[in-house]
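upload.cif follows (mmCIF, N, CA and C atoms):
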data_input
loop_
_atom_site.label_atom_id
_atom_site.label_comp_id
_atom_site.auth_asym_id
_atom_site.auth_seq_id
_atom_site.Cartn_x
_atom_site.Cartn_y
_atom_site.Cartn_z
N MET K 243 -71.82 -140.28 -114.13
CA MET K 243 -72.38 -141.24 -113.21
C MET K 243 -73.05 -140.50 -112.08
N GLU K 244 -74.15 -141.04 -111.57
CA GLU K 244 -74.84 -140.49 -110.43
C GLU K 244 -74.75 -141.45 -109.26
N ALA K 245 -74.71 -140.90 -108.05
CA ALA K 245 -74.69 -141.71 -106.83
C ALA K 245 -75.49 -140.97 -105.77
N THR K 246 -76.25 -141.72 -104.99
CA THR K 246 -76.99 -141.11 -103.89
C THR K 246 -76.03 -140.81 -102.75
N MET K 247 -76.49 -140.03 -101.80
CA MET K 247 -75.65 -139.71 -100.64
C MET K 247 -75.31 -140.99 -99.88
N HIS K 248 -76.25 -141.90 -99.77
CA HIS K 248 -75.97 -143.17 -99.08
C HIS K 248 -74.89 -143.94 -99.82
N GLU K 249 -74.99 -144.03 -101.14
CA GLU K 249 -73.97 -144.72 -101.92
C GLU K 249 -72.61 -144.03 -101.76
N ALA K 250 -72.63 -142.70 -101.70
CA ALA K 250 -71.38 -141.95 -101.56
C ALA K 250 -70.73 -142.24 -100.21
N LYS K 251 -71.54 -142.37 -99.16
CA LYS K 251 -70.99 -142.67 -97.84
C LYS K 251 -70.28 -144.02 -97.82
N THR K 252 -70.86 -145.00 -98.49
CA THR K 252 -70.28 -146.34 -98.43
C THR K 252 -69.23 -146.59 -99.50
N ASN K 253 -69.20 -145.79 -100.56
CA ASN K 253 -68.28 -146.04 -101.66
C ASN K 253 -67.48 -144.80 -102.05
N LEU K 254 -67.18 -143.94 -101.10
CA LEU K 254 -66.52 -142.67 -101.43
C LEU K 254 -65.20 -142.87 -102.16
N SER K 255 -64.37 -143.77 -101.68
CA SER K 255 -63.06 -143.95 -102.32
C SER K 255 -63.21 -144.42 -103.77
N LYS K 256 -64.20 -145.27 -104.04
CA LYS K 256 -64.44 -145.73 -105.41
C LYS K 256 -64.92 -144.58 -106.29
N LEU K 257 -65.80 -143.74 -105.74
CA LEU K 257 -66.31 -142.60 -106.51
C LEU K 257 -65.20 -141.60 -106.80
N VAL K 258 -64.34 -141.37 -105.83
CA VAL K 258 -63.21 -140.45 -106.03
C VAL K 258 -62.26 -141.02 -107.08
N ALA K 259 -62.05 -142.32 -107.06
CA ALA K 259 -61.18 -142.94 -108.07
C ALA K 259 -61.75 -142.76 -109.46
N ARG K 260 -63.07 -142.90 -109.60
CA ARG K 260 -63.70 -142.72 -110.91
C ARG K 260 -63.58 -141.26 -111.36
N ALA K 261 -63.75 -140.33 -110.42
CA ALA K 261 -63.60 -138.91 -110.77
C ALA K 261 -62.17 -138.61 -111.16
N ARG K 262 -61.22 -139.21 -110.47
CA ARG K 262 -59.81 -139.00 -110.78
C ARG K 262 -59.49 -139.48 -112.20
N GLU K 263 -60.18 -140.51 -112.63
CA GLU K 263 -59.97 -141.04 -113.98
C GLU K 263 -60.66 -140.19 -115.05
N GLY K 264 -61.38 -139.15 -114.62
CA GLY K 264 -61.99 -138.24 -115.57
C GLY K 264 -63.50 -138.34 -115.68
N GLU K 265 -64.10 -139.28 -114.97
CA GLU K 265 -65.55 -139.44 -115.03
C GLU K 265 -66.23 -138.40 -114.13
N GLU K 266 -67.34 -137.83 -114.58
CA GLU K 266 -68.08 -136.87 -113.78
C GLU K 266 -68.98 -137.65 -112.82
N VAL K 267 -68.86 -137.36 -111.53
CA VAL K 267 -69.66 -138.04 -110.51
C VAL K 267 -70.57 -137.01 -109.86
N ILE K 268 -71.88 -137.20 -110.00
CA ILE K 268 -72.89 -136.30 -109.44
C ILE K 268 -73.51 -136.98 -108.22
N LEU K 269 -73.54 -136.27 -107.09
CA LEU K 269 -74.20 -136.78 -105.89
C LEU K 269 -75.62 -136.25 -105.85
N THR K 270 -76.57 -137.16 -105.57
CA THR K 270 -77.97 -136.78 -105.53
C THR K 270 -78.54 -137.02 -104.14
N ASN K 271 -79.70 -136.40 -103.89
CA ASN K 271 -80.32 -136.51 -102.58
C ASN K 271 -81.83 -136.64 -102.73
N GLY K 272 -82.44 -137.36 -101.82
CA GLY K 272 -83.90 -137.47 -101.79
C GLY K 272 -84.45 -138.46 -102.79
N ARG K 273 -85.78 -138.63 -102.69
CA ARG K 273 -86.45 -139.58 -103.59
C ARG K 273 -86.41 -139.14 -105.04
N ASN K 274 -86.41 -137.83 -105.25
CA ASN K 274 -86.38 -137.35 -106.63
C ASN K 274 -84.96 -137.27 -107.17
N ARG K 275 -83.99 -137.69 -106.34
CA ARG K 275 -82.57 -137.74 -106.72
C ARG K 275 -82.11 -136.40 -107.30
N ALA K 276 -82.41 -135.34 -106.56
CA ALA K 276 -81.99 -134.00 -107.00
C ALA K 276 -80.48 -133.88 -106.89
N PRO K 277 -79.80 -133.42 -107.94
CA PRO K 277 -78.35 -133.25 -107.88
C PRO K 277 -77.97 -132.17 -106.87
N ILE K 278 -76.98 -132.48 -106.00
CA ILE K 278 -76.58 -131.50 -105.00
C ILE K 278 -75.08 -131.22 -105.00
N ALA K 279 -74.28 -132.13 -105.55
CA ALA K 279 -72.84 -131.92 -105.54
C ALA K 279 -72.20 -132.71 -106.68
N LYS K 280 -70.98 -132.29 -107.00
CA LYS K 280 -70.23 -132.96 -108.05
C LYS K 280 -68.83 -133.26 -107.52
N ILE K 281 -68.35 -134.47 -107.76
CA ILE K 281 -66.98 -134.83 -107.39
C ILE K 281 -66.13 -134.70 -108.64
N VAL K 282 -65.14 -133.82 -108.56
CA VAL K 282 -64.24 -133.61 -109.69
C VAL K 282 -62.80 -133.64 -109.19
N PRO K 283 -61.88 -134.07 -110.03
CA PRO K 283 -60.48 -134.07 -109.59
C PRO K 283 -59.93 -132.66 -109.57
N LEU K 284 -59.02 -132.39 -108.66
CA LEU K 284 -58.38 -131.08 -108.60
C LEU K 284 -57.37 -130.89 -109.72
N GLY K 285 -56.82 -131.94 -110.17
CA GLY K 285 -55.85 -131.90 -111.25
C GLY K 285 -55.38 -133.32 -111.51
N VAL K 286 -54.90 -133.55 -112.68
CA VAL K 286 -54.43 -134.89 -113.02
C VAL K 286 -52.97 -134.98 -112.63
N PRO K 287 -52.65 -135.80 -111.63
CA PRO K 287 -51.25 -135.92 -111.23
C PRO K 287 -50.46 -136.63 -112.32
N GLU K 288 -49.26 -136.16 -112.52
CA GLU K 288 -48.40 -136.79 -113.50
C GLU K 288 -47.89 -138.11 -112.94
N LYS K 289 -47.89 -139.12 -113.76
CA LYS K 289 -47.35 -140.40 -113.34
C LYS K 289 -45.83 -140.29 -113.38
N SER K 290 -45.20 -140.64 -112.32
CA SER K 290 -43.76 -140.52 -112.23
C SER K 290 -43.14 -141.88 -111.94
N ALA K 291 -42.02 -142.12 -112.55
CA ALA K 291 -41.31 -143.38 -112.30
C ALA K 291 -40.66 -143.35 -110.92
N GLU K 292 -40.39 -142.14 -110.41
CA GLU K 292 -39.75 -142.00 -109.10
C GLU K 292 -40.79 -142.02 -107.99
N PRO K 293 -40.46 -142.56 -106.83
CA PRO K 293 -41.40 -142.53 -105.72
C PRO K 293 -41.64 -141.08 -105.28
N ALA K 294 -42.81 -140.85 -104.68
CA ALA K 294 -43.18 -139.50 -104.26
C ALA K 294 -42.19 -138.92 -103.25
N MET K 295 -41.69 -139.77 -102.36
CA MET K 295 -40.74 -139.29 -101.36
C MET K 295 -39.52 -140.19 -101.37
N LYS K 296 -38.39 -139.60 -101.63
CA LYS K 296 -37.15 -140.37 -101.63
C LYS K 296 -36.66 -140.53 -100.20
N SER K 297 -36.00 -141.63 -99.94
CA SER K 297 -35.43 -141.79 -98.62
C SER K 297 -34.19 -140.91 -98.49
N ARG K 298 -33.97 -140.40 -97.30
CA ARG K 298 -32.83 -139.53 -97.07
C ARG K 298 -31.62 -140.37 -96.69
N PRO K 299 -30.49 -140.10 -97.29
CA PRO K 299 -29.31 -140.89 -96.94
C PRO K 299 -28.81 -140.53 -95.55
N LEU K 300 -28.19 -141.49 -94.87
CA LEU K 300 -27.60 -141.23 -93.57
C LEU K 300 -26.45 -140.24 -93.74
N GLY K 301 -26.30 -139.36 -92.79
CA GLY K 301 -25.20 -138.40 -92.83
C GLY K 301 -25.43 -137.27 -93.81
N LEU K 302 -26.68 -136.99 -94.15
CA LEU K 302 -27.00 -135.97 -95.14
C LEU K 302 -26.42 -134.60 -94.76
N PHE K 303 -26.46 -134.25 -93.49
CA PHE K 303 -25.98 -132.95 -93.03
C PHE K 303 -24.69 -133.06 -92.23
N LYS K 304 -23.96 -134.13 -92.40
CA LYS K 304 -22.73 -134.36 -91.66
C LYS K 304 -21.75 -133.21 -91.89
N GLY K 305 -21.23 -132.67 -90.78
CA GLY K 305 -20.24 -131.60 -90.87
C GLY K 305 -20.83 -130.22 -91.05
N GLN K 306 -22.14 -130.09 -91.21
CA GLN K 306 -22.75 -128.78 -91.43
C GLN K 306 -23.14 -128.09 -90.12
N PHE K 307 -23.25 -128.84 -89.04
CA PHE K 307 -23.51 -128.24 -87.73
C PHE K 307 -23.05 -129.22 -86.66
N GLU K 308 -22.91 -128.70 -85.46
CA GLU K 308 -22.49 -129.54 -84.33
C GLU K 308 -23.54 -129.47 -83.23
N VAL K 309 -23.78 -130.59 -82.60
CA VAL K 309 -24.67 -130.63 -81.44
C VAL K 309 -23.79 -130.50 -80.21
N PRO K 310 -23.98 -129.44 -79.42
CA PRO K 310 -23.12 -129.26 -78.24
C PRO K 310 -23.39 -130.34 -77.20
N ASP K 311 -22.38 -130.63 -76.38
CA ASP K 311 -22.54 -131.63 -75.33
C ASP K 311 -23.65 -131.26 -74.36
N SER K 312 -23.90 -129.96 -74.18
CA SER K 312 -24.94 -129.52 -73.25
C SER K 312 -26.34 -129.93 -73.72
N PHE K 313 -26.47 -130.31 -74.97
CA PHE K 313 -27.76 -130.77 -75.49
C PHE K 313 -28.28 -131.97 -74.71
N PHE K 314 -27.35 -132.80 -74.23
CA PHE K 314 -27.72 -134.02 -73.53
C PHE K 314 -27.82 -133.85 -72.02
N ASP K 315 -27.59 -132.63 -71.52
CA ASP K 315 -27.72 -132.38 -70.09
C ASP K 315 -29.18 -132.51 -69.67
N PRO K 316 -29.43 -132.92 -68.43
CA PRO K 316 -30.82 -133.00 -67.95
C PRO K 316 -31.48 -131.62 -67.98
N LEU K 317 -32.79 -131.61 -68.17
CA LEU K 317 -33.53 -130.36 -68.18
C LEU K 317 -33.62 -129.80 -66.76
N SER K 318 -33.68 -128.47 -66.67
CA SER K 318 -33.90 -127.86 -65.36
C SER K 318 -35.33 -128.14 -64.93
N GLU K 319 -35.63 -127.92 -63.67
CA GLU K 319 -36.99 -128.15 -63.16
C GLU K 319 -38.00 -127.30 -63.92
N GLU K 320 -37.63 -126.06 -64.23
CA GLU K 320 -38.53 -125.15 -64.95
C GLU K 320 -38.81 -125.67 -66.37
N GLU K 321 -37.76 -126.10 -67.09
CA GLU K 321 -37.93 -126.63 -68.44
C GLU K 321 -38.75 -127.92 -68.43
N LEU K 322 -38.48 -128.77 -67.46
CA LEU K 322 -39.21 -130.02 -67.34
C LEU K 322 -40.69 -129.77 -67.08
N ALA K 323 -40.99 -128.79 -66.23
CA ALA K 323 -42.38 -128.45 -65.93
C ALA K 323 -43.09 -127.95 -67.19
N LEU K 324 -42.39 -127.20 -68.03
CA LEU K 324 -43.00 -126.71 -69.26
C LEU K 324 -43.31 -127.86 -70.22
N TRP K 325 -42.43 -128.84 -70.29
CA TRP K 325 -42.66 -129.99 -71.17
C TRP K 325 -43.82 -130.84 -70.68
N GLU K 326 -43.97 -130.93 -69.37
CA GLU K 326 -44.99 -131.81 -68.80
C GLU K 326 -46.30 -131.09 -68.52
N ALA K 327 -46.37 -129.79 -68.77
CA ALA K 327 -47.58 -129.02 -68.50
C ALA K 327 -48.71 -129.46 -69.43
N PRO K 328 -49.94 -129.50 -68.93
CA PRO K 328 -51.07 -129.86 -69.80
C PRO K 328 -51.32 -128.74 -70.80
N LEU K 329 -51.86 -129.12 -71.94
CA LEU K 329 -52.22 -128.12 -72.94
C LEU K 329 -53.45 -127.38 -72.46
N VAL K 330 -53.43 -126.07 -72.58
CA VAL K 330 -54.55 -125.24 -72.14
C VAL K 330 -55.07 -124.48 -73.34
N SER K 331 -56.34 -124.59 -73.58
CA SER K 331 -56.95 -123.89 -74.71
C SER K 331 -57.10 -122.42 -74.38
N THR K 332 -56.89 -121.57 -75.38
CA THR K 332 -57.09 -120.14 -75.19
C THR K 332 -58.45 -119.71 -75.72
N TRP K 333 -59.30 -120.69 -76.04
CA TRP K 333 -60.63 -120.38 -76.58
C TRP K 333 -61.68 -120.71 -75.54
N LYS K 334 -62.62 -119.80 -75.38
CA LYS K 334 -63.68 -119.94 -74.40
C LYS K 334 -64.74 -120.90 -74.92
N ASN K 335 -64.99 -121.99 -74.24
CA ASN K 335 -66.05 -122.95 -74.55
C ASN K 335 -66.00 -123.50 -75.97
N ASN K 336 -64.85 -123.40 -76.63
CA ASN K 336 -64.70 -123.91 -78.00
C ASN K 336 -65.74 -123.36 -78.96
N ASN K 337 -66.31 -122.19 -78.68
CA ASN K 337 -67.29 -121.63 -79.60
C ASN K 337 -66.69 -120.55 -80.49
N GLY K 338 -65.39 -120.41 -80.48
CA GLY K 338 -64.73 -119.47 -81.37
C GLY K 338 -64.50 -118.10 -80.77
N ASP K 339 -65.00 -117.86 -79.54
CA ASP K 339 -64.78 -116.57 -78.92
C ASP K 339 -63.49 -116.61 -78.11
N PRO K 340 -62.48 -115.81 -78.48
CA PRO K 340 -61.24 -115.84 -77.72
C PRO K 340 -61.45 -115.33 -76.30
N LEU K 341 -60.62 -115.81 -75.39
CA LEU K 341 -60.70 -115.34 -74.01
C LEU K 341 -60.35 -113.87 -73.92
N ASP K 342 -61.08 -113.16 -73.13
CA ASP K 342 -60.80 -111.74 -72.88
C ASP K 342 -59.81 -111.68 -71.73
N PRO K 343 -58.61 -111.05 -71.94
CA PRO K 343 -57.63 -111.00 -70.86
C PRO K 343 -58.16 -110.35 -69.60
N GLU K 344 -59.16 -109.49 -69.72
CA GLU K 344 -59.74 -108.83 -68.56
C GLU K 344 -60.54 -109.81 -67.71
N GLU K 345 -61.08 -110.88 -68.34
CA GLU K 345 -61.94 -111.82 -67.62
C GLU K 345 -61.15 -112.93 -66.94
N THR K 346 -59.91 -113.14 -67.34
CA THR K 346 -59.14 -114.24 -66.76
C THR K 346 -58.65 -113.87 -65.38
N SER K 347 -58.57 -114.86 -64.52
CA SER K 347 -58.05 -114.63 -63.16
C SER K 347 -56.80 -115.47 -62.98
N ASP K 348 -55.81 -114.90 -62.32
CA ASP K 348 -54.53 -115.60 -62.13
C ASP K 348 -54.47 -116.31 -60.85
#
Take the structure in the file and give it back as structure tokens.
Amino acid sequence: MEATMHEAKTNLSKLVARAREGEEVILTNGRNRAPIAKIVPLGVPEKSAEPAMKSRPLGLFKGQFEVPDSFFDPLSEEELALWEAPLVSTWKNNNGDPLDPEETSD
């Protein structure tokens, strides 16, 4: 099957489903509908009677570790400040150039 880029934008999930079923899907571009890409499945998943993710039973790790009472103590001012600190990027201008430690000022 062939589909234009516009058709692929609006029907991507349908095209992927057809490719998953084994159909070859070719994406074309331009008025001459030149082929530019192919959608193919990565592998045929096995159909399983079991759900992909089983629910975990309550008490799965009961008795294997203990949570100390200090776990529930309030955080110190220093720990609290670390949790509430804004995220700071270590990348300069998001262009992929890492910050030079020599250029940073404290």
Practice task
Evaluate the PyMOL selection byres ((chain K and resi 246-261) around 6.5) here and jot the selected residues down as a list in words.
Solution key: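 Answer for the PyMOL selection byres ((chain K and resi 246-261) around 6.5): Glu244, Ala245, Arg262, Glu263, Gly264, Glu265, Glu266, Val267, Ile268, Leu269, Thr270, Asn271, Ile281, Val282 and Pro283 of chain K.
In this structure, atom CA of Leu302 of chain K sits 21.7 Å away from atom CA of Phe314 of chain K.
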Handout entry: One-decimal distance in Å that lies between atom CA of Glu321 of chain K and atom CA of Phe307 of chain K
Key = 24.1 Å
Practice task
Would you work out the distance separating atom CA of Met243 of chain K from atom CA of Ile278 of chain K, expressed in Å to one decimal?
Solution key: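 Computing the Euclidean distance for atom CA of Met243 of chain K and atom CA of Ile278 of chain K yields 13.4 Å.
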